[in-house]
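Engineer: Can you read through this structure? Questions will come right after.
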Amino acid sequence: MNVGVVGLGYVGLPLAVAFCEAGHRVIGVDVDPRKVGALNAGHSYIEDVPDPTLAGISDRLFPTRRFAELSRCDAVIVAVPTPLTKNREPDLSALLAATTAITAVLQRGQLVVVESTTYPGTTREQLVPLLEESGLTAGAEFNVAFSPERIDPGRTDYVMRNTPKVVGGLTEACQARAVALYGEVCDHVVAVSTPEVAELSKLLENVFRSVNIALVNELAMLCDRMEIDIWEVVNAAATKPYGFMRFEPGPGMGGHCLPVDPFYLSWRAREFGSPTDFIELAGEVNQEMPRFCAEKIARALNEHAKPVRASRIALLGVSYKAGVGDMRESPALKIIQLLGEGGGDVIYHDEYVPELPEFGLASVPLTDALDSCDVAVIVTAHPGLDVDLVLERAPLVVDFRGVTPGVGAPNLIRL
Ligand SMILES: NC(=O)c1ccc[n+]([C@@H]2O[C@H](COP(=O)([O-])OP(=O)(O)OC[C@H]3O[C@@H](n4cnc5c(N)ncnc54)[C@H](O)[C@@H]3O)[C@@H](O)[C@H]2O)c1
């Protein structure tokens with residue numbers, strides 16, 4: 001097959017690689033010339049796709065900025081960003097722009113699959129009418145489906161091959177074609193009856209996580225007042241073999257998905273006059289965490305007779321999750337901003353994030369950070385972080401990830 005992938009980011013690039021590795025040719029289209037240039041030069045910008053992997057498929061992956069090349073594809077998969085506007089409403093501009101560009105080159109018999117996370121109804125109400133401006137009829141002359149991505153960057157136990165893939169087609173024929181397409185790269189394809197079910201299933205997954213993270217974060221703030229160790233509480237509850245699922249407290253939710261996607265659903269729900277209180281409340285609690293953490297750092301300094309102003313505060317790990325360099329919506333950004341507003345001298349160490357240009361900061365070596373700081377703060381514990389070294393060399397340590405031993409170190413404060 002010739003498969004088109006539009007949007008070569010965290011979702012699109014691994015998908016393109018998977019189809020290439022299954023023996024297909026992939027036309028990868030992206031509007032970002034740097035990404036297309038890097039891929040054509042054999043360089044990856046996604047941690048999960050190392051350069052040698054690209055080298056192994058160089059005869060099958062064709063990165064380009066030209067949508068016209070999609071005309072020779074059997075199927076075109078769309079994986080462009082779906083963020084929120086400043087007013088926290090769905091921003092479909094990239095998805096609509098990509099769909100418009102596909103419409104201009106759409107061919108009879110092609111299958112178009114949308115993977116970008118969005119509210120139920122987007123595919124049928126927004127995208128199908130756009131695609132039909134080509135003069136072709138959806139379901140009859142071309143096929144359309146929605147299939148949400150479940151990639152978890154940095155994860156190695158569940159990858160595309162062994163993670164079930166939900167697919168909802170516009171018609172039965174659309175369904176059958178999309179199921180066959182994903183059967184090439186996934187062992188288990190889950191067919192659902194409509195694109196709306198597929199769209200909403202993805203939002204349910206993300207709302208589920210957001211709500212449960214908010215619950216444990218709320219408990220973390222309560223535990224702080226009650227002087228109970230939240231990590232010990234979570235560890236104890238997690239020994240129950242049924243009816244409990246472990247979620248970790250932390251400095252706040254980051255990434256493209258969890259802080260964003262639930263609001264696609266609450267926005268859509270307003271149109272139906274149906275309140276989504278869980279979603280809103282979870283968002284509020286999770287958004288409060290960076291502020292709570294900045295205050296906790298200030299209290300830790302205060303206990304050591306130091307103000308935030310002019311104290312050197314070394315953040316260890318600033319990306320939104322361990323093992324990746326993704327800074328999107330990272331709670332560290334808010335923590336840096338708040339500490340900076342308080343006059344703190346903030347530095348950071350993160351081997352995955354060489355620079356934070358918006359703050360004029362660059363990552364400093366771990367030992368320099370530990371030796372020069374008044375407090376070291378574990379915001380994101382990347383694999384291999386030498387926790388013993390941190391506890392040994394920093395005068396004061398605040399741990400928001402529960403990676404330090406719970407008791408015994410006099411210079412340690414935990415979430
Ligand atoms: N990152 C994840 O872990 C993850 C997981 C599941 C679902 N998703 C969803 O998948 C979608 C893509 O997310 P991502 O993380 O891959 O984003 P990303 O920003 O990493 O990649 C998107 C790519 O699309 C390109 N692009 C933007 N507008 C375009 C256009 N009009 N035409 C062609 N290319 C365009 C960008 O240059 C970028 O390279 C989003 O809807 C997201 O919610 C992401």
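Going by the structure tokens order, chains are called A, B, ..., each with residues numbered from 1, while ligands are numbered from 1 in the order shown.
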What residues in range 170-406 of chain A get the DSSP label alpha helix (DSSP H)? Please answer as an MDAnalysis selection string.

Structural biologist: chainID A and resid 172:183 195:226 230:237 261:271 277:303 331:341 366:372 387:393

Engineer: Could you give me, as a PDB file with C-alpha atoms, in the first residue's frame, every polymer residue with an atom at most 7 Å away from an atom of ligand 1, counting only C-alpha atoms and all ligand atoms?

Structural biologist:
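The result, written out as selection-v9.pdb:
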```
ATOM      1  CA  VAL A   6      -0.375  14.087   7.582  1.00  0.00           C
ATOM      2  CA  GLY A   7       1.354  15.585  10.633  1.00  0.00           C
ATOM      3  CA  LEU A   8       4.676  13.964  11.530  1.00  0.00           C
ATOM      4  CA  GLY A   9       4.738  14.623  15.273  1.00  0.00           C
ATOM      5  CA  TYR A  10       4.575  12.420  18.342  1.00  0.00           C
ATOM      6  CA  VAL A  11       1.673  10.499  16.822  1.00  0.00           C
ATOM      7  CA  GLY A  12       2.276  10.707  13.083  1.00  0.00           C
ATOM      8  CA  VAL A  29       3.306  15.344   4.900  1.00  0.00           C
ATOM      9  CA  ASP A  30       4.086  18.097   7.381  1.00  0.00           C
ATOM     10  CA  VAL A  31       3.853  21.888   7.128  1.00  0.00           C
ATOM     11  CA  ASP A  32       6.983  22.343   9.256  1.00  0.00           C
ATOM     12  CA  LYS A  35      10.737  18.468  10.463  1.00  0.00           C
ATOM     13  CA  ALA A  79      -2.519  13.332  12.996  1.00  0.00           C
ATOM     14  CA  VAL A  80      -2.242  17.097  13.350  1.00  0.00           C
ATOM     15  CA  PRO A  81      -2.537  19.029  16.638  1.00  0.00           C
ATOM     16  CA  THR A  82      -5.906  19.781  18.233  1.00  0.00           C
ATOM     17  CA  ALA A  94      -4.842  22.708  11.965  1.00  0.00           C
ATOM     18  CA  LEU A  95      -7.306  19.856  11.468  1.00  0.00           C
ATOM     19  CA  ALA A  97      -6.466  23.253   7.232  1.00  0.00           C
ATOM     20  CA  ALA A  98      -5.074  19.749   6.748  1.00  0.00           C
ATOM     21  CA  GLU A 115      -6.487  10.292  14.509  1.00  0.00           C
ATOM     22  CA  SER A 116      -6.344  13.758  16.084  1.00  0.00           C
ATOM     23  CA  THR A 117      -8.202  13.790  19.400  1.00  0.00           C
ATOM     24  CA  THR A 118     -11.430  15.770  19.132  1.00  0.00           C
ATOM     25  CA  PRO A 148      -7.954   7.610  18.133  1.00  0.00           C
ATOM     26  CA  GLU A 149      -4.259   7.289  18.839  1.00  0.00           C
ATOM     27  CA  ARG A 150      -3.197   5.678  22.116  1.00  0.00           C
ATOM     28  CA  ILE A 151       0.513   6.283  21.919  1.00  0.00           C
ATOM     29  CA  ASP A 152       2.228   6.942  25.224  1.00  0.00           C
ATOM     30  CA  PRO A 153       5.584   8.548  24.424  1.00  0.00           C
ATOM     31  CA  HIS A 256      -0.745  17.626  24.725  1.00  0.00           C
ATOM     32  CA  CYS A 257      -3.539  15.358  25.905  1.00  0.00           C
ATOM     33  CA  ASP A 261      -8.678  16.973  25.621  1.00  0.00           C
TER      34      ASP A 261
END
```

Engineer: What's around Asp399 in chain A at 10 Å? Count only C-alpha atoms, leave out sequence neighbours fewer than 5 positions away in its own chain, and write the answer as a PyMOL selection string.

Structural biologist: chain A and resi 250-251+293+297+316+376-381+387+404-406+412-415

Engineer: Separation of CA of Phe400 in chain A and CA of Ile46 in chain A, in Å?

Structural biologist: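 Going from CA of Phe400 in chain A over to CA of Ile46 in chain A covers 26.1 Å.
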
Engineer: Quick check, in Å to one decimal: how far apart do CA of Ile279 in chain A and CA of Glu89 in chain A lie?

Structural biologist: 14.0 Å

Engineer: Could you pull the residues within 10 Å of Pro383 in chain A, counting only C-alpha atoms, minus those fewer than 4 positions along the same chain, as a PyMOL selection string?

Structural biologist: chain A and resi 322-324

Engineer: For the selection just defined, write its residues with N, CA and C atoms to a file, as a PDB file, in the first residue's frame.

Structural biologist:
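Final output, result.pdb:
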```pdb
ATOM      1  N   ALA A 322       8.528  11.762  32.704  1.00  0.00           N
ATOM      2  CA  ALA A 322       9.863  11.170  32.734  1.00  0.00           C
ATOM      3  C   ALA A 322      10.208  10.539  31.391  1.00  0.00           C
ATOM      4  N   GLY A 323      11.453  10.700  30.992  1.00  0.00           N
ATOM      5  CA  GLY A 323      11.962   9.980  29.826  1.00  0.00           C
ATOM      6  C   GLY A 323      11.706  10.647  28.493  1.00  0.00           C
ATOM      7  N   VAL A 324      11.032  11.792  28.488  1.00  0.00           N
ATOM      8  CA  VAL A 324      10.816  12.514  27.231  1.00  0.00           C
ATOM      9  C   VAL A 324      11.152  13.998  27.435  1.00  0.00           C
TER      10      VAL A 324
END
```

Engineer: Fewer than 5 positions away in the same chain doesn't count, so skip those; otherwise give me all residues within 9 Å of Ala104 in chain A, counting only C-alpha atoms, as a list of chain:residue names.

Structural biologist: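 What passes the distance filter is A:Phe67, A:Ala68, A:Thr99, A:Leu131, A:Glu133, A:Ser134.
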
Engineer: Name the residues of range 4-172 of chain A that fall into strand (DSSP E or B) according to DSSP on the backbone, using the chain letters and numbers of this document, as a ChimeraX atom specification.

Structural biologist: /A:4-6,25-29,61-64,75-78,84,90,111-114,138,142-146,165-169

Engineer: Find, counting only C-alpha atoms, the residue in A:Pro307, A:Pro331, A:Pro249, A:Gly4 that gets nearest to Gly343 in chain A.

Structural biologist: A:Pro307

Engineer: Looking at A:Glu303, A:Val216, A:His349, A:Lys321, which one is nearest to Asn411 in chain A, with distances taken over only C-alpha atoms?

Structural biologist: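 Using only C-alpha atoms, the shortest distance to Asn411 in chain A belongs to A:Glu303.
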